[in-house]
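Q: Once you've had a glance at the structure underneath, I'll fire off some questions.
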Amino acid sequence: MSLACEFRLARGDFALDARMTLPERGVTALFGRSGSGKTTLLRCLAGLERAEGWLTVNGCRWQDDERFLPVHRRPLGYVFQEASLFPHLRVRDNLRYGYRRVPVARRRVDFDETVRLLGVEALLERYPQALSGGQRQRVAIARALLASPRLLLMDEPMASLDATSKAEILPYLERLHDHLEIPVVYVSHALDEVARLADHMVLLEAGRVLATGPLHELLTRSDLPLAHADNAAAVLEAQVLDYDAGRQLVTLGCGDVRLRVSREQAPSSQRLRLSIRASDVAISLSQARDSSVLNCLPVRIAEIDDDPHPGHRLVRLALGDQALLARIPREAVERLALVPGMAVHAQVRARALT
């Protein structure tokens, strides 16, 4: 494990009391409602808030009862909601500002490689005011990386962007996910954003850690609020197996199961992440062969739970070592006599797989 901490902080009527241990690489999402303590916890990691407790990163003690590394001495990158670029400097000079401050022997990232990774090659001679919101954030992320951080903190970097700018920047964030060898802590209240980018999740509620663990596990746990939300969804990891150009269908492998998705061609063997909403999953007792639904997957009922919608039940379905959620009418549960342990089929429309 790369990052471990325990923080206690009181601010008026809000109290943070959080302990967590995070993986050594990949994206960890701090997720929760507004006011749950996400940004406060992130600021404690950065040293912007002086909380009681301790913090260890890569075996180095950044904070405990006897020492406190100030923010300027912590080898981290911080991306705020607003890009906060120097308006009087061109993009190239904004990027080189932090890069030049790192001794050559300690540089862990290459300038040109980082510029390519974030797709800002064509922006280097522009001033910040000539950039779109998405472009400014990509430059801000590149600037943070060029400081050769041991930890990258991102505080809702897409919160101030419109839908078009978010769509523009998401592929670059996904590219970061695949390339970075350092832990990334990502604050967001947008579940679809988290499902697309994160590997690990810390779920916060009223300043406390409600749960922590792999993203796909927390999304489908019926004892947590995520599974009961209106936009509840499961995340599946799959691999591209085949592409049918005539039907515009990609065949994916998810363990021993095959899924078909309507989308443009993806490279063979590429790994994809599928987000499947509980409202887009139906259950049948047998494999439906006279249905327009392309995906009818053999699953086993792991759990049936109450749902905030009184007329529905939430069903957790085991698909190999992964899981799906289905929100179906109570009447259907009774009519089909569904019980935990039962072998059934999950019907998922191809367009519901994103």
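Residue names in the structure tokens use chain letters A, B, ... in the order shown, residue numbers from 1 in each chain, and ligand numbers from 1 in the order shown.
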Residues near A:Met342, anyone? I mean within 9 Å using only C-alpha atoms, not counting same-chain ones fewer than 3 positions away, as an mmCIF file with N, CA and C atoms, in the first residue's frame.
A:
data_model
loop_
_atom_site.group_PDB
_atom_site.id
_atom_site.type_symbol
_atom_site.label_atom_id
_atom_site.label_comp_id
_atom_site.auth_asym_id
_atom_site.auth_seq_id
_atom_site.Cartn_x
_atom_site.Cartn_y
_atom_site.Cartn_z
ATOM 1 N N VAL A 299 -26.695 -15.900 -14.922
ATOM 2 C CA VAL A 299 -26.269 -15.332 -13.643
ATOM 3 C C VAL A 299 -26.929 -16.119 -12.509
ATOM 4 N N ARG A 300 -26.528 -15.788 -11.293
ATOM 5 C CA ARG A 300 -27.131 -16.400 -10.116
ATOM 6 C C ARG A 300 -27.546 -15.286 -9.155
ATOM 7 N N ILE A 301 -28.732 -15.407 -8.586
ATOM 8 C CA ILE A 301 -29.211 -14.387 -7.647
ATOM 9 C C ILE A 301 -28.404 -14.478 -6.359
ATOM 10 N N ALA A 302 -27.695 -13.398 -6.042
ATOM 11 C CA ALA A 302 -26.903 -13.360 -4.819
ATOM 12 C C ALA A 302 -27.694 -12.793 -3.654
ATOM 13 N N LEU A 338 -38.579 -15.576 -7.383
ATOM 14 C CA LEU A 338 -37.134 -15.397 -7.307
ATOM 15 C C LEU A 338 -36.653 -15.489 -5.860
ATOM 16 N N VAL A 339 -35.569 -16.222 -5.656
ATOM 17 C CA VAL A 339 -34.972 -16.368 -4.324
ATOM 18 C C VAL A 339 -33.451 -16.390 -4.482
#
Q: Could you name the residues that touch stretch 167-183 of chain A at 6 Å or less, counting only C-alpha atoms, but leaving out those on the same chain fewer than 5 positions away, as a ChimeraX atom specification?
A: /A:24-26,118,134,151
Q: Keeping C-alpha atoms for every residue in the selection just given, could you write it to a file as a short mmCIF file (atom, residue, chain, number, x, y, z; two decimals), in the first residue's frame?
A:
data_model
loop_
_atom_site.label_atom_id
_atom_site.label_comp_id
_atom_site.auth_asym_id
_atom_site.auth_seq_id
_atom_site.Cartn_x
_atom_site.Cartn_y
_atom_site.Cartn_z
CA GLU A 24 0.04 2.20 -4.61
CA ARG A 25 -1.26 3.14 -8.07
CA GLY A 26 -4.54 3.74 -9.88
CA LEU A 118 -2.56 15.36 -22.33
CA GLY A 134 -11.40 21.60 -21.09
CA LEU A 151 0.86 11.75 -5.29
#
Q: Identify all residues of stretch 164-234 of chain A in strand (DSSP E or B) (DSSP on the backbone) and supply them as a list of chain:residue names.
A: A:Pro183, A:Val184, A:Val185, A:Tyr186, A:Val187, A:Ser188, A:His200, A:Met201, A:Val202, A:Leu203, A:Leu204, A:Glu205, A:Arg208, A:Val209, A:Leu210, A:Ala211, A:Thr212, A:Gly213, A:Pro214, A:Ala233, A:Ala234
Q: Convert the current residue selection to file output with all heavy atoms, as a short mmCIF file (atom, residue, chain, number, x, y, z; two decimals), in the first residue's frame.
A:
data_model
loop_
_atom_site.label_atom_id
_atom_site.label_comp_id
_atom_site.auth_asym_id
_atom_site.auth_seq_id
_atom_site.Cartn_x
_atom_site.Cartn_y
_atom_site.Cartn_z
N PRO A 183 -0.23 7.01 -7.14
CA PRO A 183 -1.64 7.04 -6.75
C PRO A 183 -2.28 8.38 -7.09
O PRO A 183 -1.65 9.43 -6.97
CB PRO A 183 -1.60 6.81 -5.23
CG PRO A 183 -0.23 7.23 -4.82
CD PRO A 183 0.67 6.95 -5.97
N VAL A 184 -3.53 8.34 -7.52
CA VAL A 184 -4.31 9.53 -7.81
C VAL A 184 -5.54 9.51 -6.90
O VAL A 184 -6.25 8.50 -6.84
CB VAL A 184 -4.77 9.56 -9.29
CG1 VAL A 184 -5.60 10.81 -9.56
CG2 VAL A 184 -3.58 9.48 -10.23
N VAL A 185 -5.76 10.59 -6.19
CA VAL A 185 -6.96 10.73 -5.36
C VAL A 185 -7.86 11.75 -6.03
O VAL A 185 -7.47 12.91 -6.23
CB VAL A 185 -6.61 11.15 -3.92
CG1 VAL A 185 -7.87 11.22 -3.07
CG2 VAL A 185 -5.62 10.17 -3.30
N TYR A 186 -9.07 11.32 -6.38
CA TYR A 186 -9.95 12.08 -7.25
C TYR A 186 -11.27 12.35 -6.53
O TYR A 186 -12.01 11.41 -6.19
CB TYR A 186 -10.19 11.25 -8.52
CG TYR A 186 -10.92 11.95 -9.65
CD1 TYR A 186 -10.21 12.50 -10.71
CD2 TYR A 186 -12.31 12.03 -9.68
CE1 TYR A 186 -10.86 13.12 -11.77
CE2 TYR A 186 -12.97 12.65 -10.72
CZ TYR A 186 -12.23 13.19 -11.77
OH TYR A 186 -12.89 13.81 -12.80
N VAL A 187 -11.58 13.61 -6.30
CA VAL A 187 -12.83 14.00 -5.63
C VAL A 187 -13.90 14.24 -6.68
O VAL A 187 -13.68 14.95 -7.66
CB VAL A 187 -12.62 15.26 -4.77
CG1 VAL A 187 -13.96 15.84 -4.34
CG2 VAL A 187 -11.78 14.95 -3.55
N SER A 188 -15.08 13.66 -6.47
CA SER A 188 -16.21 13.90 -7.37
C SER A 188 -17.51 13.52 -6.66
O SER A 188 -17.53 12.70 -5.76
CB SER A 188 -16.06 13.07 -8.65
OG SER A 188 -17.18 13.27 -9.50
N HIS A 200 -10.70 2.35 -7.23
CA HIS A 200 -10.90 2.18 -5.79
C HIS A 200 -11.80 3.32 -5.34
O HIS A 200 -11.83 4.38 -5.96
CB HIS A 200 -9.53 2.27 -5.09
CG HIS A 200 -9.50 1.74 -3.70
ND1 HIS A 200 -9.37 0.41 -3.42
CD2 HIS A 200 -9.55 2.37 -2.50
CE1 HIS A 200 -9.34 0.23 -2.11
NE2 HIS A 200 -9.46 1.41 -1.52
N MET A 201 -12.54 3.11 -4.27
CA MET A 201 -13.44 4.16 -3.80
C MET A 201 -13.39 4.27 -2.28
O MET A 201 -13.28 3.27 -1.57
CB MET A 201 -14.88 3.87 -4.24
CG MET A 201 -15.90 4.89 -3.71
SD MET A 201 -17.61 4.47 -4.17
CE MET A 201 -17.66 5.08 -5.84
N VAL A 202 -13.44 5.52 -1.81
CA VAL A 202 -13.65 5.81 -0.40
C VAL A 202 -14.97 6.55 -0.31
O VAL A 202 -15.12 7.65 -0.84
CB VAL A 202 -12.51 6.68 0.18
CG1 VAL A 202 -12.79 7.03 1.63
CG2 VAL A 202 -11.17 5.96 0.06
N LEU A 203 -15.95 5.94 0.33
CA LEU A 203 -17.28 6.51 0.45
C LEU A 203 -17.38 7.25 1.78
O LEU A 203 -17.21 6.66 2.85
CB LEU A 203 -18.34 5.40 0.37
CG LEU A 203 -19.80 5.83 0.38
CD1 LEU A 203 -20.11 6.75 -0.79
CD2 LEU A 203 -20.71 4.60 0.34
N LEU A 204 -17.64 8.56 1.70
CA LEU A 204 -17.68 9.41 2.89
C LEU A 204 -19.11 9.81 3.22
O LEU A 204 -19.93 10.03 2.33
CB LEU A 204 -16.84 10.67 2.67
CG LEU A 204 -15.33 10.48 2.57
CD1 LEU A 204 -14.67 11.74 2.04
CD2 LEU A 204 -14.74 10.10 3.91
N GLU A 205 -19.37 9.93 4.50
CA GLU A 205 -20.66 10.41 4.97
C GLU A 205 -20.45 11.14 6.28
O GLU A 205 -19.92 10.57 7.25
CB GLU A 205 -21.64 9.24 5.17
CG GLU A 205 -23.05 9.67 5.53
CD GLU A 205 -24.01 8.50 5.60
OE1 GLU A 205 -24.54 8.12 4.55
OE2 GLU A 205 -24.21 7.95 6.72
N ARG A 208 -16.98 10.94 7.95
CA ARG A 208 -16.44 9.63 8.30
C ARG A 208 -16.40 8.73 7.07
O ARG A 208 -17.19 8.89 6.15
CB ARG A 208 -17.29 8.97 9.40
CG ARG A 208 -17.24 9.71 10.73
CD ARG A 208 -18.13 9.05 11.78
NE ARG A 208 -18.05 9.75 13.06
CZ ARG A 208 -17.16 9.46 14.00
NH1 ARG A 208 -16.28 8.47 13.81
NH2 ARG A 208 -17.13 10.13 15.14
N VAL A 209 -15.48 7.77 7.10
CA VAL A 209 -15.38 6.79 6.02
C VAL A 209 -16.44 5.72 6.25
O VAL A 209 -16.36 4.94 7.20
CB VAL A 209 -13.98 6.16 5.97
CG1 VAL A 209 -13.93 5.06 4.91
CG2 VAL A 209 -12.93 7.23 5.65
N LEU A 210 -17.44 5.71 5.36
CA LEU A 210 -18.51 4.73 5.46
C LEU A 210 -18.06 3.37 4.93
O LEU A 210 -18.42 2.32 5.48
CB LEU A 210 -19.74 5.22 4.67
CG LEU A 210 -21.04 4.45 4.82
CD1 LEU A 210 -21.51 4.47 6.27
CD2 LEU A 210 -22.11 5.08 3.92
N ALA A 211 -17.26 3.38 3.88
CA ALA A 211 -16.73 2.14 3.30
C ALA A 211 -15.57 2.48 2.39
O ALA A 211 -15.50 3.59 1.85
CB ALA A 211 -17.81 1.40 2.53
N THR A 212 -14.67 1.54 2.19
CA THR A 212 -13.57 1.70 1.26
C THR A 212 -13.25 0.35 0.64
O THR A 212 -13.38 -0.69 1.29
CB THR A 212 -12.31 2.28 1.96
OG1 THR A 212 -11.26 2.44 1.01
CG2 THR A 212 -11.84 1.38 3.08
N GLY A 213 -12.88 0.37 -0.66
CA GLY A 213 -12.59 -0.88 -1.33
C GLY A 213 -12.64 -0.71 -2.84
O GLY A 213 -12.80 0.40 -3.35
N PRO A 214 -12.49 -1.83 -3.59
CA PRO A 214 -12.57 -1.75 -5.05
C PRO A 214 -13.90 -1.15 -5.50
O PRO A 214 -14.96 -1.44 -4.92
CB PRO A 214 -12.45 -3.22 -5.48
CG PRO A 214 -11.71 -3.88 -4.36
CD PRO A 214 -12.19 -3.19 -3.11
N ALA A 233 -25.66 1.67 -10.57
CA ALA A 233 -25.09 0.96 -11.71
C ALA A 233 -23.99 0.03 -11.23
O ALA A 233 -23.36 0.26 -10.19
CB ALA A 233 -24.54 1.94 -12.74
N ALA A 234 -23.76 -1.02 -12.00
CA ALA A 234 -22.62 -1.91 -11.78
C ALA A 234 -21.57 -1.63 -12.85
O ALA A 234 -21.89 -1.14 -13.94
CB ALA A 234 -23.07 -3.37 -11.85
#
Q: Could you work out how far atom CA of A:Ser132 lies from atom CA of A:Ala46, giving the answer in Å with one decimal?
A: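 Separating atom CA of A:Ala46 from atom CA of A:Ser132 is a distance of 27.4 Å.
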Q: How far is it from atom CA of A:Leu85 to atom CA of A:Pro157, in Å with one decimal?
A: 13.6 Å
Q: Mind giving me the straight-line distance from atom CA of A:Val27 to atom CA of A:Arg106 in Å, one decimal?
A: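 Going from atom CA of A:Val27 over to atom CA of A:Arg106 covers 23.2 Å.
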Q: Would you list the contacts of A:Val120 as a list in words, taking every protein, DNA or RNA residue within 12 Å and counting only C-alpha atoms, but skipping same-chain residues closer than 5 positions in sequence?
A: Val91, Arg92, Leu95, Phe111, Asp112, Glu113, Thr114, Val115, Glu125, Arg126, Leu131, Ser132, Gly134, Gln135, Arg136, Gln137, Arg138, Val139, Ala140, Ile141, Ala142, Arg143, Ile169 and Tyr172 of chain A
Q: Based on DSSP run over this structure's backbone, return all residues of stretch 19-254 of chain A in alpha helix (DSSP H), as a PyMOL selection string.
A: chain A and resi 38-46+91-99+111-117+133-145+163-179+191-197+215-219
Q: Between A:Ile283, A:Phe7, A:Ala147, A:Arg260, which one has atoms that come closest to A:Arg73, using only C-alpha atoms?
A: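 Closest to A:Arg73, using only C-alpha atoms: A:Ala147.
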